[in-house]
>>> print(open('query_3.cif').read())   # mmCIF, N, CA and C atoms and all ligand atoms
data_my_file
loop_
_atom_site.label_atom_id
_atom_site.label_comp_id
_atom_site.auth_asym_id
_atom_site.auth_seq_id
_atom_site.Cartn_x
_atom_site.Cartn_y
_atom_site.Cartn_z
N MET A 1 -6.86 20.24 -3.73
CA MET A 1 -5.61 20.03 -3.02
C MET A 1 -5.83 19.07 -1.85
N THR A 2 -4.89 18.20 -1.63
CA THR A 2 -4.98 17.25 -0.53
C THR A 2 -4.41 17.88 0.74
N ILE A 3 -5.09 17.63 1.84
CA ILE A 3 -4.58 18.06 3.15
C ILE A 3 -4.40 16.82 4.02
N ARG A 4 -3.60 16.96 5.06
CA ARG A 4 -3.39 15.86 6.00
C ARG A 4 -3.59 16.37 7.42
N ILE A 5 -4.37 15.62 8.18
CA ILE A 5 -4.56 15.95 9.58
C ILE A 5 -4.24 14.72 10.41
N ALA A 6 -3.82 14.94 11.65
CA ALA A 6 -3.53 13.83 12.56
C ALA A 6 -4.70 13.70 13.53
N VAL A 7 -5.27 12.52 13.60
CA VAL A 7 -6.40 12.27 14.49
C VAL A 7 -6.00 11.19 15.48
N ASP A 8 -5.83 11.59 16.74
CA ASP A 8 -5.37 10.65 17.77
C ASP A 8 -4.14 9.90 17.30
N GLY A 9 -3.24 10.61 16.64
CA GLY A 9 -1.97 10.03 16.22
C GLY A 9 -1.99 9.34 14.87
N THR A 10 -3.16 9.24 14.24
CA THR A 10 -3.26 8.61 12.92
C THR A 10 -3.44 9.69 11.86
N GLU A 11 -2.63 9.63 10.81
CA GLU A 11 -2.74 10.65 9.76
C GLU A 11 -3.86 10.28 8.79
N LEU A 12 -4.74 11.27 8.53
CA LEU A 12 -5.82 11.08 7.58
C LEU A 12 -5.70 12.12 6.48
N GLU A 13 -6.11 11.75 5.29
CA GLU A 13 -6.10 12.68 4.16
C GLU A 13 -7.51 13.19 3.89
N GLY A 14 -7.58 14.45 3.52
CA GLY A 14 -8.85 15.04 3.11
C GLY A 14 -8.60 15.99 1.96
N ARG A 15 -9.66 16.65 1.56
CA ARG A 15 -9.55 17.62 0.48
C ARG A 15 -9.71 19.02 1.05
N ASP A 16 -9.00 19.95 0.50
CA ASP A 16 -9.08 21.34 0.93
C ASP A 16 -10.53 21.79 0.92
N GLY A 17 -11.00 22.37 2.01
CA GLY A 17 -12.37 22.85 2.10
C GLY A 17 -13.29 21.95 2.89
N GLN A 18 -12.88 20.70 3.12
CA GLN A 18 -13.71 19.80 3.92
C GLN A 18 -13.67 20.22 5.39
N THR A 19 -14.75 19.92 6.09
CA THR A 19 -14.72 20.09 7.54
C THR A 19 -13.93 18.94 8.16
N ILE A 20 -13.59 19.10 9.42
CA ILE A 20 -12.93 17.99 10.13
C ILE A 20 -13.85 16.77 10.13
N ALA A 21 -15.14 16.99 10.39
CA ALA A 21 -16.09 15.87 10.36
C ALA A 21 -16.10 15.22 8.97
N GLY A 22 -16.02 16.01 7.93
CA GLY A 22 -16.00 15.47 6.57
C GLY A 22 -14.80 14.58 6.33
N VAL A 23 -13.66 15.00 6.84
CA VAL A 23 -12.44 14.18 6.68
C VAL A 23 -12.60 12.88 7.46
N LEU A 24 -13.12 12.97 8.69
CA LEU A 24 -13.30 11.77 9.51
C LEU A 24 -14.27 10.80 8.87
N ILE A 25 -15.39 11.29 8.42
CA ILE A 25 -16.39 10.41 7.80
C ILE A 25 -15.83 9.82 6.50
N GLY A 26 -15.10 10.64 5.75
CA GLY A 26 -14.49 10.17 4.52
C GLY A 26 -13.49 9.04 4.77
N ALA A 27 -12.93 9.02 5.98
CA ALA A 27 -11.98 7.97 6.34
C ALA A 27 -12.69 6.77 6.97
N GLY A 28 -14.01 6.83 7.02
CA GLY A 28 -14.77 5.69 7.53
C GLY A 28 -15.05 5.73 9.02
N ARG A 29 -14.76 6.87 9.66
CA ARG A 29 -15.01 6.96 11.10
C ARG A 29 -16.37 7.58 11.34
N ARG A 30 -17.20 6.93 12.09
CA ARG A 30 -18.54 7.44 12.37
C ARG A 30 -18.66 8.02 13.77
N SER A 31 -17.71 7.71 14.64
CA SER A 31 -17.73 8.29 15.99
C SER A 31 -16.30 8.62 16.39
N TRP A 32 -16.16 9.66 17.22
CA TRP A 32 -14.83 10.08 17.66
C TRP A 32 -14.88 10.78 19.01
N ARG A 33 -15.96 10.60 19.74
CA ARG A 33 -16.06 11.19 21.06
C ARG A 33 -16.93 10.27 21.90
N SER A 34 -16.71 10.27 23.21
CA SER A 34 -17.61 9.50 24.05
C SER A 34 -18.22 10.43 25.09
N ALA A 35 -19.47 10.18 25.39
CA ALA A 35 -20.18 10.96 26.40
C ALA A 35 -21.19 10.04 27.07
N ALA A 36 -21.18 10.03 28.39
CA ALA A 36 -22.10 9.20 29.15
C ALA A 36 -22.04 7.74 28.69
N GLY A 37 -20.85 7.29 28.35
CA GLY A 37 -20.65 5.89 27.97
C GLY A 37 -21.06 5.54 26.56
N ALA A 38 -21.46 6.53 25.76
CA ALA A 38 -21.89 6.27 24.39
C ALA A 38 -20.96 6.96 23.40
N GLU A 39 -20.84 6.38 22.22
CA GLU A 39 -20.02 6.95 21.17
C GLU A 39 -20.79 8.06 20.44
N ARG A 40 -20.08 9.14 20.14
CA ARG A 40 -20.72 10.27 19.46
C ARG A 40 -19.89 10.69 18.26
N GLY A 41 -20.58 11.24 17.27
CA GLY A 41 -19.92 11.78 16.09
C GLY A 41 -20.79 12.90 15.56
N VAL A 42 -21.11 12.85 14.28
CA VAL A 42 -22.02 13.85 13.72
C VAL A 42 -23.46 13.44 13.99
N PHE A 43 -24.24 14.36 14.51
CA PHE A 43 -25.67 14.13 14.66
C PHE A 43 -26.44 15.14 13.81
N CYS A 44 -26.31 16.43 14.15
CA CYS A 44 -27.05 17.44 13.37
C CYS A 44 -26.30 17.88 12.12
N GLY A 45 -25.01 17.99 12.22
CA GLY A 45 -24.21 18.43 11.08
C GLY A 45 -24.28 19.92 10.78
N ILE A 46 -24.97 20.68 11.65
CA ILE A 46 -25.12 22.11 11.40
C ILE A 46 -24.70 22.97 12.59
N GLY A 47 -23.95 22.38 13.52
CA GLY A 47 -23.39 23.18 14.60
C GLY A 47 -24.29 23.39 15.80
N VAL A 48 -25.37 22.62 15.94
CA VAL A 48 -26.32 22.84 17.02
C VAL A 48 -26.15 21.86 18.18
N CYS A 49 -25.99 20.58 17.90
CA CYS A 49 -26.07 19.55 18.95
C CYS A 49 -24.79 19.39 19.77
N GLN A 50 -23.67 19.75 19.23
CA GLN A 50 -22.36 19.62 19.88
C GLN A 50 -21.96 18.17 20.15
N ASP A 51 -22.53 17.24 19.45
CA ASP A 51 -22.11 15.85 19.57
C ASP A 51 -20.73 15.61 18.98
N CYS A 52 -20.30 16.47 18.09
CA CYS A 52 -19.10 16.21 17.29
C CYS A 52 -17.84 16.88 17.85
N LEU A 53 -17.87 17.31 19.12
CA LEU A 53 -16.77 18.09 19.67
C LEU A 53 -15.44 17.33 19.65
N VAL A 54 -14.39 18.05 19.29
CA VAL A 54 -13.02 17.52 19.31
C VAL A 54 -12.09 18.62 19.82
N THR A 55 -10.90 18.22 20.18
CA THR A 55 -9.84 19.17 20.51
C THR A 55 -8.99 19.36 19.26
N VAL A 56 -8.83 20.62 18.84
CA VAL A 56 -8.07 20.94 17.63
C VAL A 56 -6.87 21.81 17.99
N ASN A 57 -5.69 21.28 17.76
CA ASN A 57 -4.46 22.02 18.05
C ASN A 57 -4.45 22.54 19.50
N GLY A 58 -4.97 21.70 20.41
CA GLY A 58 -4.97 22.03 21.82
C GLY A 58 -6.16 22.82 22.30
N VAL A 59 -7.05 23.21 21.41
CA VAL A 59 -8.24 23.97 21.78
C VAL A 59 -9.42 23.00 21.92
N GLU A 60 -9.99 22.92 23.11
CA GLU A 60 -11.08 21.99 23.37
C GLU A 60 -12.41 22.52 22.85
N GLY A 61 -13.34 21.60 22.65
CA GLY A 61 -14.72 21.97 22.36
C GLY A 61 -14.97 22.53 20.97
N VAL A 62 -14.18 22.11 20.00
CA VAL A 62 -14.37 22.59 18.62
C VAL A 62 -15.37 21.68 17.92
N ARG A 63 -16.36 22.26 17.28
CA ARG A 63 -17.36 21.46 16.55
C ARG A 63 -16.76 21.00 15.22
N ALA A 64 -16.57 19.71 15.11
CA ALA A 64 -15.92 19.14 13.91
C ALA A 64 -16.74 19.39 12.65
N CYS A 65 -18.06 19.57 12.82
CA CYS A 65 -18.91 19.77 11.63
C CYS A 65 -18.84 21.20 11.13
N GLN A 66 -18.26 22.10 11.91
CA GLN A 66 -18.22 23.51 11.53
C GLN A 66 -16.81 24.01 11.21
N ARG A 67 -15.81 23.29 11.65
CA ARG A 67 -14.42 23.75 11.50
C ARG A 67 -13.82 23.16 10.22
N THR A 68 -13.37 24.02 9.33
CA THR A 68 -12.68 23.57 8.13
C THR A 68 -11.34 22.96 8.53
N ALA A 69 -11.06 21.78 8.01
CA ALA A 69 -9.77 21.12 8.30
C ALA A 69 -8.66 21.85 7.55
N ARG A 70 -7.56 22.05 8.26
CA ARG A 70 -6.40 22.69 7.65
C ARG A 70 -5.22 21.74 7.71
N ASP A 71 -4.41 21.78 6.67
CA ASP A 71 -3.25 20.90 6.61
C ASP A 71 -2.42 21.03 7.89
N GLY A 72 -2.11 19.90 8.51
CA GLY A 72 -1.30 19.90 9.72
C GLY A 72 -2.06 19.96 11.02
N ASP A 73 -3.39 20.09 10.95
CA ASP A 73 -4.18 20.12 12.19
C ASP A 73 -3.96 18.84 13.00
N VAL A 74 -3.94 19.02 14.32
CA VAL A 74 -3.82 17.88 15.23
C VAL A 74 -5.14 17.77 16.00
N ILE A 75 -5.84 16.66 15.78
CA ILE A 75 -7.16 16.45 16.36
C ILE A 75 -7.06 15.39 17.44
N GLU A 76 -7.68 15.68 18.59
CA GLU A 76 -7.71 14.72 19.69
C GLU A 76 -9.14 14.44 20.11
N ARG A 77 -9.36 13.20 20.45
CA ARG A 77 -10.66 12.75 20.92
C ARG A 77 -10.99 13.38 22.27
N GLU A 78 -12.26 13.65 22.51
CA GLU A 78 -12.69 14.17 23.80
C GLU A 78 -13.64 13.19 24.47
N ALA A 79 -13.62 13.18 25.78
CA ALA A 79 -14.58 12.41 26.56
C ALA A 79 -15.20 13.36 27.57
N ARG A 80 -16.48 13.56 27.47
CA ARG A 80 -17.17 14.48 28.40
C ARG A 80 -18.36 13.81 29.02
S1 LIG B 101 -22.87 17.46 14.56
FE1 LIG B 101 -24.12 18.74 15.74
S2 LIG B 101 -22.79 20.37 16.29
FE2 LIG B 101 -21.60 19.15 14.94
#
>>> encode(input="query_3.cif", output="structure tokens")
Amino acid sequence: MTIRIAVDGTELEGRDGQTIAGVLIGAGRRSWRSAAGAERGVFCGIGVCQDCLVTVNGVEGVRACQRTARDGDVIEREAR
């Protein structure tokens, strides 16, 4: 099943069961957060490094590599 999420106002398609990071990478995005002036995205991919943090439906600090994307999710970029 196809799902749709909004990332910083842009709608992206993914497949049911993918993580948010999976949808982002599938759309060709390798980074979606900035920290200390550098771009960050997936580093460990297993929920340890916290490089992939995003705001999901208004909740800050969600690990994109661990959160399953759900149809209608609204994802916002974080800068820490
Ligand atoms: S990529 Fe390391 S916590 Fe998500």
>>> residues_around(input="query_3.cif", residues="Ile75 of chain A", least_positions_apart="2", cutoff="12 Å", atoms="only C-alpha atoms", output="ChimeraX atom specification")
/A:4-12,20-21,23-24,32-33,52-64,67,69-73,77-78
>>> atom_distance(input="query_3.cif", atom1="atom CA of Glu13 of chain A", atom2="atom N of Thr68 of chain A")
14.4 Å
>>> select_by_dssp(input="query_3.cif", residues="segment 12-75 of chain A", states="alpha helix (DSSP H)", output="list in words")
Ile20, Ala21, Gly22, Val23, Leu24, Ile25 and Gly26 of chain A
>>> atom_distance(input="query_3.cif", atom1="atom CA of Gly41 of chain A", atom2="atom CA of Thr2 of chain A")
23.0 Å
>>> atom_distance(input="query_3.cif", atom1="atom CA of Gly45 of chain A", atom2="atom N of Met1 of chain A")
22.9 Å
>>> closest_atom_pairs(input="query_3.cif", of="chain A", to="ligand LIG 101 (chain B)", cutoff="6 Å", atoms="only C-alpha atoms and all ligand atoms", output="CSV")
residue,atom,partner,partner_atom,distance
A:Val42,CA,B:LIG101,S1,3.8
A:Phe43,CA,B:LIG101,S1,4.4
A:Cys44,CA,B:LIG101,FE1,4.0
A:Gly45,CA,B:LIG101,S1,3.9
A:Ile46,CA,B:LIG101,FE1,5.6
A:Gly47,CA,B:LIG101,S2,3.3
A:Val48,CA,B:LIG101,S2,4.4
A:Cys49,CA,B:LIG101,FE1,3.8
A:Gln50,CA,B:LIG101,S2,3.7
A:Asp51,CA,B:LIG101,FE1,5.2
A:Cys52,CA,B:LIG101,FE2,4.5
A:Arg63,CA,B:LIG101,FE2,5.1
A:Ala64,CA,B:LIG101,FE2,5.8
A:Cys65,CA,B:LIG101,FE2,4.3
>>> select_by_dssp(input="query_3.cif", residues="segment 9-61 of chain A", states="strand (DSSP E)", output="PyMOL selection string")
chain A and resi 10-15+33-35+38-40+53-56+59-61
